[in-house]
file query_39.txt (compact mmCIF, C-alpha atoms and all ligand atoms)
# COMPACT_ATOMS: atom_id res chain seq x y z
CA MET A 25 0.00 0.00 0.00
CA SER A 26 1.48 3.34 -0.97
CA GLU A 27 1.25 6.24 1.47
CA PRO A 28 -0.30 9.54 0.36
CA THR A 29 2.39 11.99 -0.58
CA ASP A 30 2.29 15.75 -0.11
CA THR A 31 3.04 15.96 -3.82
CA MET A 32 -0.25 14.23 -4.77
CA ARG A 33 -2.46 16.93 -6.25
CA LEU A 34 -6.18 16.35 -5.85
CA GLY A 35 -9.16 17.62 -7.83
CA TYR A 36 -12.89 17.55 -7.09
CA VAL A 37 -15.83 17.85 -9.51
CA GLY A 38 -19.37 17.97 -8.08
CA LEU A 39 -19.71 19.84 -4.81
CA GLY A 40 -23.29 19.01 -3.77
CA ILE A 41 -24.39 17.59 -0.42
CA MET A 42 -22.00 14.63 -0.61
CA GLY A 43 -19.14 16.07 -2.69
CA GLY A 44 -18.97 19.34 -0.72
CA ALA A 45 -18.61 17.50 2.60
CA MET A 46 -16.18 14.86 1.31
CA ALA A 47 -13.99 17.46 -0.41
CA ALA A 48 -13.90 19.47 2.82
CA ASN A 49 -12.56 16.43 4.67
CA LEU A 50 -9.78 15.92 2.07
CA LEU A 51 -8.83 19.57 2.43
CA LYS A 52 -8.88 19.35 6.22
CA ALA A 53 -6.50 16.36 5.99
CA GLY A 54 -3.98 18.70 4.35
CA HIS A 55 -4.26 17.79 0.66
CA PRO A 56 -4.04 20.58 -1.93
CA LEU A 57 -7.33 20.61 -3.81
CA SER A 58 -8.54 22.07 -7.13
CA VAL A 59 -12.31 22.24 -7.57
CA TRP A 60 -15.00 22.86 -10.20
CA ASN A 61 -18.77 22.85 -9.76
CA ARG A 62 -21.48 23.64 -12.34
CA THR A 63 -22.98 26.12 -9.87
CA PRO A 64 -19.85 28.03 -8.76
CA GLU A 65 -21.37 29.48 -5.54
CA LYS A 66 -21.42 26.02 -3.96
CA ALA A 67 -17.60 25.98 -4.06
CA GLN A 68 -17.26 29.09 -1.87
CA PRO A 69 -16.93 27.33 1.54
CA LEU A 70 -14.11 25.20 0.07
CA LEU A 71 -12.37 28.21 -1.51
CA ASP A 72 -12.59 29.96 1.88
CA ALA A 73 -10.90 26.88 3.37
CA GLY A 74 -8.01 27.04 0.87
CA ALA A 75 -9.13 25.13 -2.27
CA THR A 76 -8.26 26.46 -5.74
CA TRP A 77 -11.07 27.29 -8.20
CA CYS A 78 -10.86 26.01 -11.82
CA ASP A 79 -13.19 27.23 -14.60
CA THR A 80 -13.74 23.75 -16.08
CA ALA A 81 -13.50 20.06 -15.20
CA ALA A 82 -10.72 19.83 -17.82
CA ALA A 83 -8.70 22.43 -15.89
CA VAL A 84 -9.15 20.40 -12.68
CA ALA A 85 -7.84 17.29 -14.47
CA SER A 86 -4.88 19.13 -16.00
CA GLN A 87 -3.53 20.09 -12.58
CA SER A 88 -4.36 16.94 -10.59
CA ASP A 89 -3.01 13.42 -10.05
CA VAL A 90 -6.34 12.17 -8.70
CA VAL A 91 -9.77 13.62 -9.59
CA PHE A 92 -12.88 12.76 -7.55
CA LEU A 93 -16.33 12.94 -9.16
CA ASN A 94 -19.56 13.29 -7.20
CA VAL A 95 -22.44 14.13 -9.54
CA THR A 96 -25.99 12.85 -9.85
CA ASP A 97 -26.59 10.15 -12.46
CA THR A 98 -24.97 8.15 -15.28
CA ALA A 99 -25.55 10.82 -17.95
CA ASP A 100 -24.00 13.46 -15.66
CA VAL A 101 -20.84 11.41 -15.13
CA GLU A 102 -20.58 10.92 -18.90
CA GLN A 103 -20.91 14.67 -19.37
CA VAL A 104 -18.24 15.68 -16.84
CA LEU A 105 -15.88 13.03 -18.21
CA PHE A 106 -16.30 13.40 -21.98
CA SER A 107 -17.76 16.83 -22.83
CA VAL A 108 -15.50 19.31 -24.63
CA MET A 109 -14.29 20.82 -21.34
CA GLY A 110 -14.56 17.56 -19.41
CA VAL A 111 -12.02 15.57 -17.39
CA ALA A 112 -10.71 13.52 -20.35
CA ALA A 113 -9.95 16.71 -22.28
CA GLY A 114 -7.64 17.85 -19.47
CA ALA A 115 -5.88 14.53 -18.92
CA ASP A 116 -2.31 14.04 -20.08
CA GLU A 117 -1.79 10.57 -21.52
CA LYS A 118 1.79 10.38 -20.23
CA ARG A 119 0.98 11.36 -16.63
CA GLY A 120 -1.60 8.70 -15.79
CA LEU A 121 -4.52 10.39 -14.05
CA ILE A 122 -6.69 8.37 -11.61
CA VAL A 123 -10.41 9.25 -11.55
CA VAL A 124 -12.42 8.14 -8.50
CA ASP A 125 -16.16 8.28 -9.16
CA HIS A 126 -18.19 8.53 -5.94
CA SER A 127 -21.53 9.04 -7.78
CA THR A 128 -24.13 6.24 -7.74
CA ILE A 129 -24.52 5.25 -11.41
CA SER A 130 -24.89 2.25 -13.73
CA PRO A 131 -22.28 -0.53 -13.32
CA VAL A 132 -22.63 -1.36 -17.03
CA ALA A 133 -21.98 2.22 -18.17
CA THR A 134 -19.08 2.46 -15.69
CA ARG A 135 -17.23 -0.35 -17.45
CA ALA A 136 -17.78 1.38 -20.82
CA PHE A 137 -16.51 4.70 -19.39
CA ALA A 138 -13.35 2.97 -18.13
CA GLU A 139 -12.62 1.67 -21.65
CA ARG A 140 -13.27 5.07 -23.22
CA LEU A 141 -10.86 6.67 -20.71
CA GLU A 142 -7.96 4.32 -21.48
CA PRO A 143 -6.69 6.25 -24.55
CA TYR A 144 -6.40 9.35 -22.34
CA GLY A 145 -4.16 7.47 -19.87
CA VAL A 146 -6.93 7.68 -17.24
CA THR A 147 -7.62 4.82 -14.81
CA LEU A 148 -11.20 4.79 -13.47
CA LEU A 149 -12.14 3.55 -10.02
CA ASP A 150 -15.86 3.40 -9.24
CA ALA A 151 -16.31 4.15 -5.55
CA PRO A 152 -19.97 4.72 -4.63
CA VAL A 153 -20.71 5.31 -0.97
CA SER A 154 -23.32 4.49 1.64
CA GLY A 155 -23.90 6.45 4.82
CA GLY A 156 -25.66 9.62 3.67
CA ASP A 157 -24.88 13.26 4.36
CA VAL A 158 -24.13 12.45 8.01
CA GLY A 159 -21.42 9.93 7.02
CA ALA A 160 -20.06 12.36 4.41
CA LYS A 161 -19.61 15.08 7.04
CA SER A 162 -18.11 12.79 9.67
CA GLY A 163 -15.83 10.91 7.22
CA THR A 164 -17.38 7.57 8.17
CA LEU A 165 -18.90 6.49 4.84
CA SER A 166 -18.85 2.92 3.62
CA VAL A 167 -16.95 3.04 0.32
CA MET A 168 -17.22 0.14 -2.17
CA VAL A 169 -14.52 0.29 -4.82
CA GLY A 170 -14.17 -1.36 -8.22
CA GLY A 171 -11.07 -1.13 -10.41
CA MET A 172 -7.41 -2.04 -10.75
CA SER A 173 -5.61 -2.99 -7.52
CA GLU A 174 -2.62 -0.73 -8.24
CA ALA A 175 -4.84 2.35 -8.55
CA PHE A 176 -6.86 1.30 -5.50
CA ASP A 177 -3.68 0.96 -3.42
CA ALA A 178 -2.51 4.38 -4.57
CA VAL A 179 -5.68 6.17 -3.44
CA LEU A 180 -6.60 4.04 -0.40
CA PRO A 181 -5.18 6.54 2.13
CA LEU A 182 -7.33 9.25 0.50
CA LEU A 183 -10.44 7.06 0.59
CA GLU A 184 -9.75 6.39 4.27
CA VAL A 185 -10.11 10.13 4.88
CA VAL A 186 -13.75 10.05 3.70
CA GLY A 187 -14.66 6.47 4.62
CA GLY A 188 -14.92 4.48 7.84
CA THR A 189 -14.98 1.28 5.78
CA VAL A 190 -13.22 1.06 2.41
CA THR A 191 -13.51 -2.22 0.51
CA HIS A 192 -12.00 -3.19 -2.83
CA VAL A 193 -14.77 -5.43 -4.18
CA GLY A 194 -13.42 -6.35 -7.65
CA PRO A 195 -12.69 -5.03 -11.14
CA VAL A 196 -14.11 -1.78 -12.51
CA GLY A 197 -17.92 -1.64 -12.24
CA SER A 198 -17.96 -3.88 -9.14
CA GLY A 199 -18.34 -0.95 -6.76
CA GLN A 200 -21.48 0.17 -8.58
CA ALA A 201 -22.69 -3.45 -8.70
CA CYS A 202 -22.26 -3.64 -4.90
CA LYS A 203 -24.13 -0.35 -4.45
CA ALA A 204 -26.99 -1.64 -6.67
CA CYS A 205 -27.22 -4.73 -4.42
CA ASN A 206 -27.20 -2.44 -1.37
CA GLN A 207 -30.10 -0.43 -2.78
CA ALA A 208 -32.09 -3.59 -3.61
CA ALA A 209 -31.67 -4.67 0.02
CA VAL A 210 -32.62 -1.18 1.28
CA LEU A 211 -35.83 -1.28 -0.77
CA GLY A 212 -36.90 -4.65 0.56
CA ALA A 213 -36.28 -3.58 4.15
CA LEU A 214 -38.01 -0.19 3.71
CA LEU A 215 -41.15 -1.57 2.07
CA GLY A 216 -41.26 -4.53 4.49
CA THR A 217 -41.21 -1.99 7.33
CA VAL A 218 -44.03 0.06 5.77
CA GLU A 219 -46.22 -3.02 5.21
CA ALA A 220 -45.55 -4.38 8.72
CA MET A 221 -46.51 -1.00 10.20
CA ALA A 222 -49.68 -0.81 8.06
CA LEU A 223 -50.72 -4.29 9.18
CA SER A 224 -50.00 -3.39 12.79
CA LYS A 225 -52.09 -0.22 12.55
CA LYS A 226 -55.06 -1.96 10.91
CA LEU A 227 -54.96 -4.79 13.49
CA GLY A 228 -55.20 -2.21 16.28
CA LEU A 229 -51.64 -2.73 17.53
CA ASP A 230 -49.67 0.49 18.06
CA PRO A 231 -46.95 0.42 15.35
CA THR A 232 -44.42 2.01 17.73
CA VAL A 233 -44.90 -0.86 20.18
CA MET A 234 -44.54 -3.36 17.33
CA LEU A 235 -41.36 -1.61 16.10
CA ASP A 236 -39.72 -1.80 19.53
CA VAL A 237 -40.33 -5.55 19.71
CA VAL A 238 -39.48 -6.43 16.11
CA ALA A 239 -36.32 -4.26 16.00
CA GLY A 240 -34.49 -6.67 18.33
CA GLY A 241 -35.47 -9.82 16.42
CA ALA A 242 -35.18 -11.36 12.99
CA GLY A 243 -37.44 -8.69 11.43
CA GLY A 244 -35.13 -5.87 12.51
CA SER A 245 -33.21 -3.70 10.04
CA TRP A 246 -31.60 -0.25 9.77
CA GLN A 247 -34.69 0.90 7.82
CA LEU A 248 -37.08 -0.38 10.51
CA ALA A 249 -35.07 1.04 13.41
CA ASN A 250 -34.38 4.46 11.89
CA LEU A 251 -37.30 5.18 9.55
CA GLY A 252 -40.05 3.24 11.36
CA PRO A 253 -40.42 5.82 14.17
CA LYS A 254 -40.44 8.65 11.58
CA ILE A 255 -43.22 6.90 9.63
CA ALA A 256 -45.24 6.47 12.83
CA ALA A 257 -44.87 10.19 13.57
CA GLY A 258 -45.72 11.27 9.98
CA ASP A 259 -42.23 12.80 9.73
CA HIS A 260 -41.22 12.84 6.05
CA ALA A 261 -38.27 15.24 6.35
CA PRO A 262 -35.55 14.18 3.90
CA GLY A 263 -32.39 12.39 4.71
CA PHE A 264 -32.23 10.42 1.43
CA MET A 265 -34.92 11.60 -1.00
CA VAL A 266 -37.62 9.52 -2.78
CA ASP A 267 -36.47 10.70 -6.24
CA TYR A 268 -32.85 9.68 -5.51
CA LEU A 269 -33.91 6.19 -4.42
CA LEU A 270 -36.07 6.03 -7.56
CA LYS A 271 -32.97 6.93 -9.65
CA ASP A 272 -31.03 4.13 -7.91
CA LEU A 273 -33.94 1.71 -8.45
CA CYS A 274 -33.77 2.32 -12.19
CA ILE A 275 -30.03 1.54 -12.05
CA VAL A 276 -30.82 -1.73 -10.21
CA ARG A 277 -33.61 -2.63 -12.67
CA ASP A 278 -31.47 -1.88 -15.76
CA ALA A 279 -28.45 -3.78 -14.39
CA ALA A 280 -30.66 -6.81 -13.72
CA ALA A 281 -32.23 -6.56 -17.19
CA HIS A 282 -28.72 -6.42 -18.69
CA VAL A 283 -28.01 -9.90 -17.30
CA GLY A 284 -31.54 -11.23 -17.88
CA LEU A 285 -32.40 -11.48 -14.18
CA PRO A 286 -36.02 -10.91 -13.07
CA LEU A 287 -36.25 -8.95 -9.80
CA PRO A 288 -39.97 -9.01 -8.93
CA ILE A 289 -39.67 -7.18 -5.59
CA VAL A 290 -37.64 -4.38 -7.19
CA ALA A 291 -40.28 -4.09 -9.97
CA GLN A 292 -43.04 -3.64 -7.37
CA ALA A 293 -40.89 -1.26 -5.38
CA GLU A 294 -40.37 0.92 -8.43
CA GLN A 295 -44.15 1.36 -8.83
CA LEU A 296 -44.55 2.27 -5.15
CA MET A 297 -41.66 4.76 -5.15
CA ARG A 298 -42.93 6.24 -8.44
CA SER A 299 -46.38 6.57 -6.86
CA ALA A 300 -44.85 8.52 -3.98
CA SER A 301 -43.05 10.76 -6.46
CA ALA A 302 -46.29 11.26 -8.47
CA MET A 303 -48.02 12.28 -5.23
CA GLY A 304 -45.56 15.18 -5.00
CA LEU A 305 -43.28 13.51 -2.44
CA GLY A 306 -40.15 13.20 -4.63
CA GLN A 307 -38.16 15.67 -2.52
CA ARG A 308 -39.23 14.10 0.80
CA GLY A 309 -37.35 11.34 2.63
CA THR A 310 -37.70 7.76 1.37
CA GLN A 311 -39.97 6.99 4.36
CA ALA A 312 -42.60 9.17 2.60
CA VAL A 313 -43.45 6.06 0.54
CA ALA A 314 -45.56 5.23 3.62
CA ALA A 315 -48.07 7.82 2.31
CA VAL A 316 -48.83 5.46 -0.60
CA MET A 317 -49.69 2.70 1.86
CA GLU A 318 -51.86 5.12 3.87
CA HIS A 319 -53.74 5.91 0.66
CA LEU A 320 -54.19 2.22 -0.21
CA GLY A 321 -55.25 1.30 3.33
CA GLY A 322 -57.43 4.33 4.04
CA PHE A 323 -55.68 5.35 7.28
CA ARG A 324 -52.91 7.65 8.54
CA PHE A 325 -49.98 6.45 10.59
CA ASP A 326 -50.13 9.53 12.81
CA ASP A 327 -53.87 9.12 13.58
CA PRO A 328 -54.32 8.29 17.27
CA MET A 329 -54.64 4.57 18.02
CA PRO A 330 -58.01 3.29 19.28
CA GLY A 331 -57.93 3.57 23.05
CA ASN A 332 -55.41 6.44 22.84
CA ASP A 333 -58.18 8.61 21.44
CA GLU A 334 -59.15 11.31 23.95
CA SER A 335 -62.84 10.64 23.22
CA GLY A 336 -62.34 7.10 24.46
CA GLU A 337 -64.16 5.72 21.40
CA THR A 338 -62.69 2.68 19.69
CA ASP A 339 -62.79 1.64 16.04
CA GLU A 340 -64.20 -1.72 15.05
CA ALA A 341 -61.47 -4.12 13.94
P1 LIG B 401 -26.59 16.84 -4.94
O1 LIG B 401 -26.47 17.58 -3.66
O2 LIG B 401 -27.80 17.04 -5.80
O3 LIG B 401 -25.26 17.18 -5.80
C1 LIG B 401 -25.13 16.76 -7.12
C2 LIG B 401 -23.89 17.45 -7.70
O4 LIG B 401 -23.74 17.03 -9.06
C3 LIG B 401 -23.99 18.98 -7.75
O5 LIG B 401 -22.72 19.51 -7.48
C4 LIG B 401 -24.40 19.24 -9.20
O6 LIG B 401 -24.03 20.51 -9.68
C5 LIG B 401 -23.59 18.16 -9.89
N1 LIG B 401 -24.10 17.82 -11.22
C6 LIG B 401 -25.22 17.10 -11.52
N2 LIG B 401 -25.35 16.96 -12.84
C7 LIG B 401 -24.28 17.58 -13.39
C8 LIG B 401 -23.84 17.75 -14.73
N3 LIG B 401 -24.54 17.23 -15.76
N4 LIG B 401 -22.71 18.45 -14.95
C9 LIG B 401 -22.00 18.97 -13.93
N5 LIG B 401 -22.35 18.83 -12.63
C10 LIG B 401 -23.48 18.13 -12.37
O7 LIG B 401 -26.50 15.26 -4.74
P2 LIG B 401 -25.73 14.42 -3.60
O8 LIG B 401 -26.67 14.07 -2.52
O9 LIG B 401 -24.44 15.12 -3.27
O10 LIG B 401 -25.45 13.05 -4.40
C11 LIG B 401 -24.33 12.88 -5.25
C12 LIG B 401 -24.23 11.40 -5.60
O11 LIG B 401 -24.06 10.64 -4.40
C13 LIG B 401 -25.49 10.83 -6.28
O12 LIG B 401 -25.13 9.91 -7.27
C14 LIG B 401 -26.23 10.16 -5.14
O13 LIG B 401 -27.08 9.11 -5.58
C15 LIG B 401 -25.07 9.65 -4.32
N6 LIG B 401 -25.38 9.42 -2.90
C16 LIG B 401 -26.06 10.35 -2.18
C17 LIG B 401 -26.35 10.09 -0.84
C18 LIG B 401 -27.13 11.09 0.00
O14 LIG B 401 -27.55 10.73 1.10
N7 LIG B 401 -27.29 12.34 -0.44
C19 LIG B 401 -25.93 8.90 -0.24
C20 LIG B 401 -25.19 7.99 -0.99
C21 LIG B 401 -24.93 8.25 -2.32
P3 LIG B 401 -24.92 21.81 -9.28
O15 LIG B 401 -24.39 22.26 -7.96
O16 LIG B 401 -24.66 22.78 -10.38
O17 LIG B 401 -26.36 21.36 -9.23
call {"tool": "encode", "arguments": {"input": "query_39.txt", "output": "structure tokens", "more": "lines below"}}
Ligand code: NAP
result
Amino acid sequence: MSEPTDTMRLGYVGLGIMGGAMAANLLKAGHPLSVWNRTPEKAQPLLDAGATWCDTAAAVASQSDVVFLNVTDTADVEQVLFSVMGVAAGADEKRGLIVVDHSTISPVATRAFAERLEPYGVTLLDAPVSGGDVGAKSGTLSVMVGGMSEAFDAVLPLLEVVGGTVTHVGPVGSGQACKACNQAAVLGALLGTVEAMALSKKLGLDPTVMLDVVAGGAGGSWQLANLGPKIAAGDHAPGFMVDYLLKDLCIVRDAAAHVGLPLPIVAQAEQLMRSASAMGLGQRGTQAVAAVMEHLGGFRFDDPMPGNDESGETDEA
């Protein structure tokens, strides 16, 4: 494993919720950093902390040894890599730039991007993350990396600045494949939690009581423990938004279709998440999908339970 050197020049493209926080941690760790963001104002906190502004992604690449990407979707990564003023345009074939893509995008497209980058002397590592904005700020993300071992070893100390767990999971595209699996598991746990809570409510059992019991047993999950209480309280404030999970779902669905694998639960989940988005909840937290179940079941999670009603009246079961 090679140690980070003070001579390693870093670049960052995409300074949104995740990228802004992760770039700040790299800067705090003492690495010189060049940055570009489509909306320049978002770079200001980093410039105030000592980062250098570049007018294009190509300019970032031309003065960096490692460039981190953190943009929204597959088409956005393609644009920042291959547009006229993109990363590839600023790469020098003889220098050997490493690009670390932290965005959550298609594993299939990632492999194609890696091939297209080869003539520019660029090695691509896909390194999607899990752990949300909280993990990005605290530098405790789980980072799943695909790509060549030599490049992984070279950037590992940098990834350890932003990640609590950094795992090399295989060749290029494997990091995104692992993230797609993660999102499939998240969906199952989230929708299982919503359905369990709906059943509990309709059977006259307080869902918060049910959650406390189930959390410690085989039905427990991160989704149940963290989002269950929010669903019970009708709290749809965003951590991770419905539309972002929907984007990830489409990545999961397309990756499965690419290998001819039916994923029936994911197909159902897509319709439920799309329903939530169509109900105007796309910018709310993923737990807002519970509103779809409320609509189907004709109840509200934050209605008082029978017996807890101040009137003392009870519903018929
Ligand atoms: P965000 O706050 O919306 O930031 C997205 C960034 O991408 C912004 O800097 C945006 O620029 C830039 N961008 C998007 N399209 C672009 C394009 N075509 N050209 C140039 N720049 C473009 O999103 P985020 O929450 O940081 O998420 C970033 C990635 O991390 C996504 O792939 C997401 O799925 C993944 N992720 C997010 C979380 C989370 O909890 N938020 C957790 C795990 C993984 P502007 O500033 O100009 O809009």
call {"tool": "residues_near_ligand", "arguments": {"input": "query_39.txt", "ligand": "ligand LIG 401 (chain B)", "cutoff": "6 Å", "atoms": "only C-alpha atoms and all ligand atoms", "output": "PyMOL selection string"}}
result
chain A and resi 38-43+61-63+94-97+100+103-104+127-128+153-157+264+268
call {"tool": "write_last_selection", "arguments": {"input": "query_39.txt", "atoms": "C-alpha atoms", "output": "CSV table (one decimal), in the frame of the given file"}}
result
chain,number,residue,atom,x,y,z
A,38,GLY,CA,-19.4,18.0,-8.1
A,39,LEU,CA,-19.7,19.8,-4.8
A,40,GLY,CA,-23.3,19.0,-3.8
A,41,ILE,CA,-24.4,17.6,-0.4
A,42,MET,CA,-22.0,14.6,-0.6
A,43,GLY,CA,-19.1,16.1,-2.7
A,61,ASN,CA,-18.8,22.8,-9.8
A,62,ARG,CA,-21.5,23.6,-12.3
A,63,THR,CA,-23.0,26.1,-9.9
A,94,ASN,CA,-19.6,13.3,-7.2
A,95,VAL,CA,-22.4,14.1,-9.5
A,96,THR,CA,-26.0,12.8,-9.8
A,97,ASP,CA,-26.6,10.2,-12.5
A,100,ASP,CA,-24.0,13.5,-15.7
A,103,GLN,CA,-20.9,14.7,-19.4
A,104,VAL,CA,-18.2,15.7,-16.8
A,127,SER,CA,-21.5,9.0,-7.8
A,128,THR,CA,-24.1,6.2,-7.7
A,153,VAL,CA,-20.7,5.3,-1.0
A,154,SER,CA,-23.3,4.5,1.6
A,155,GLY,CA,-23.9,6.4,4.8
A,156,GLY,CA,-25.7,9.6,3.7
A,157,ASP,CA,-24.9,13.3,4.4
A,264,PHE,CA,-32.2,10.4,1.4
A,268,TYR,CA,-32.8,9.7,-5.5
call {"tool": "residues_around", "arguments": {"input": "query_39.txt", "residues": "Gly120 of chain A", "least_positions_apart": "3", "cutoff": "9 Å", "atoms": "all atoms listed in the file", "output": "list in words"}}
result
Asp89, Ala115, Asp116, Glu117, Tyr144, Gly145, Val146 and Thr147 of chain A
call {"tool": "closest_residue", "arguments": {"input": "query_39.txt", "among": "A:Leu121, A:Ala204, A:Ala53, A:Val210", "to": "Cys274 of chain A", "atoms": "all atoms listed in the file"}}
result
A:Ala204
call {"tool": "residues_around", "arguments": {"input": "query_39.txt", "residues": "Ser224 of chain A", "least_positions_apart": "5", "cutoff": "10 Å", "atoms": "all atoms listed in the file", "output": "count of residues only"}}
result
9
call {"tool": "atom_distance", "arguments": {"input": "query_39.txt", "atom1": "atom CA of Ala300 of chain A", "atom2": "atom CA of Leu287 of chain A"}}
result
20.3 Å
call {"tool": "residues_around", "arguments": {"input": "query_39.txt", "residues": "Leu182 of chain A", "least_positions_apart": "3", "cutoff": "10 Å", "atoms": "only C-alpha atoms", "output": "list of chain:residue names"}}
result
A:Glu27, A:Pro28, A:Leu34, A:Asn49, A:Leu50, A:Ala53, A:His55, A:Val90, A:Phe176, A:Asp177, A:Ala178, A:Val179, A:Val185, A:Val186, A:Gly187
call {"tool": "atom_distance", "arguments": {"input": "query_39.txt", "atom1": "atom CA of Met265 of chain A", "atom2": "atom CA of Ser299 of chain A"}}
result
13.8 Å
call {"tool": "residues_around", "arguments": {"input": "query_39.txt", "residues": "Ala281 of chain A", "least_positions_apart": "4", "cutoff": "12 Å", "atoms": "only C-alpha atoms", "output": "list in words"}}
result
Ser130, Val132, Cys274, Ile275, Val276, Arg277, Leu285, Pro286, Leu287, Pro288, Val290 and Ala291 of chain A
call {"tool": "atom_distance", "arguments": {"input": "query_39.txt", "atom1": "atom CA of Leu51 of chain A", "atom2": "atom CA of Ser173 of chain A"}}
result
24.9 Å
call {"tool": "closest_residue", "arguments": {"input": "query_39.txt", "among": "A:Met221, A:Ala315, A:Ala112, A:Val167", "to": "Leu148 of chain A", "atoms": "all atoms listed in the file"}}
result
A:Ala112
call {"tool": "decode", "arguments": {"input": "query_39.txt", "residues": "segment 43-85 of chain A", "atoms": "C-alpha atoms", "output": "short mmCIF file (atom, residue, chain, number, x, y, z; two decimals), in the first residue's frame"}}
result
data_model
loop_
_atom_site.label_atom_id
_atom_site.label_comp_id
_atom_site.auth_asym_id
_atom_site.auth_seq_id
_atom_site.Cartn_x
_atom_site.Cartn_y
_atom_site.Cartn_z
CA GLY A 43 -19.14 16.07 -2.69
CA GLY A 44 -18.97 19.34 -0.72
CA ALA A 45 -18.61 17.50 2.60
CA MET A 46 -16.18 14.86 1.31
CA ALA A 47 -13.99 17.46 -0.41
CA ALA A 48 -13.90 19.47 2.82
CA ASN A 49 -12.56 16.43 4.67
CA LEU A 50 -9.78 15.92 2.07
CA LEU A 51 -8.83 19.57 2.43
CA LYS A 52 -8.88 19.35 6.22
CA ALA A 53 -6.50 16.36 5.99
CA GLY A 54 -3.98 18.70 4.35
CA HIS A 55 -4.26 17.79 0.66
CA PRO A 56 -4.04 20.58 -1.93
CA LEU A 57 -7.33 20.61 -3.81
CA SER A 58 -8.54 22.07 -7.13
CA VAL A 59 -12.31 22.24 -7.57
CA TRP A 60 -15.00 22.86 -10.20
CA ASN A 61 -18.77 22.85 -9.76
CA ARG A 62 -21.48 23.64 -12.34
CA THR A 63 -22.98 26.12 -9.87
CA PRO A 64 -19.85 28.03 -8.76
CA GLU A 65 -21.37 29.48 -5.54
CA LYS A 66 -21.42 26.02 -3.96
CA ALA A 67 -17.60 25.98 -4.06
CA GLN A 68 -17.26 29.09 -1.87
CA PRO A 69 -16.93 27.33 1.54
CA LEU A 70 -14.11 25.20 0.07
CA LEU A 71 -12.37 28.21 -1.51
CA ASP A 72 -12.59 29.96 1.88
CA ALA A 73 -10.90 26.88 3.37
CA GLY A 74 -8.01 27.04 0.87
CA ALA A 75 -9.13 25.13 -2.27
CA THR A 76 -8.26 26.46 -5.74
CA TRP A 77 -11.07 27.29 -8.20
CA CYS A 78 -10.86 26.01 -11.82
CA ASP A 79 -13.19 27.23 -14.60
CA THR A 80 -13.74 23.75 -16.08
CA ALA A 81 -13.50 20.06 -15.20
CA ALA A 82 -10.72 19.83 -17.82
CA ALA A 83 -8.70 22.43 -15.89
CA VAL A 84 -9.15 20.40 -12.68
CA ALA A 85 -7.84 17.29 -14.47
#
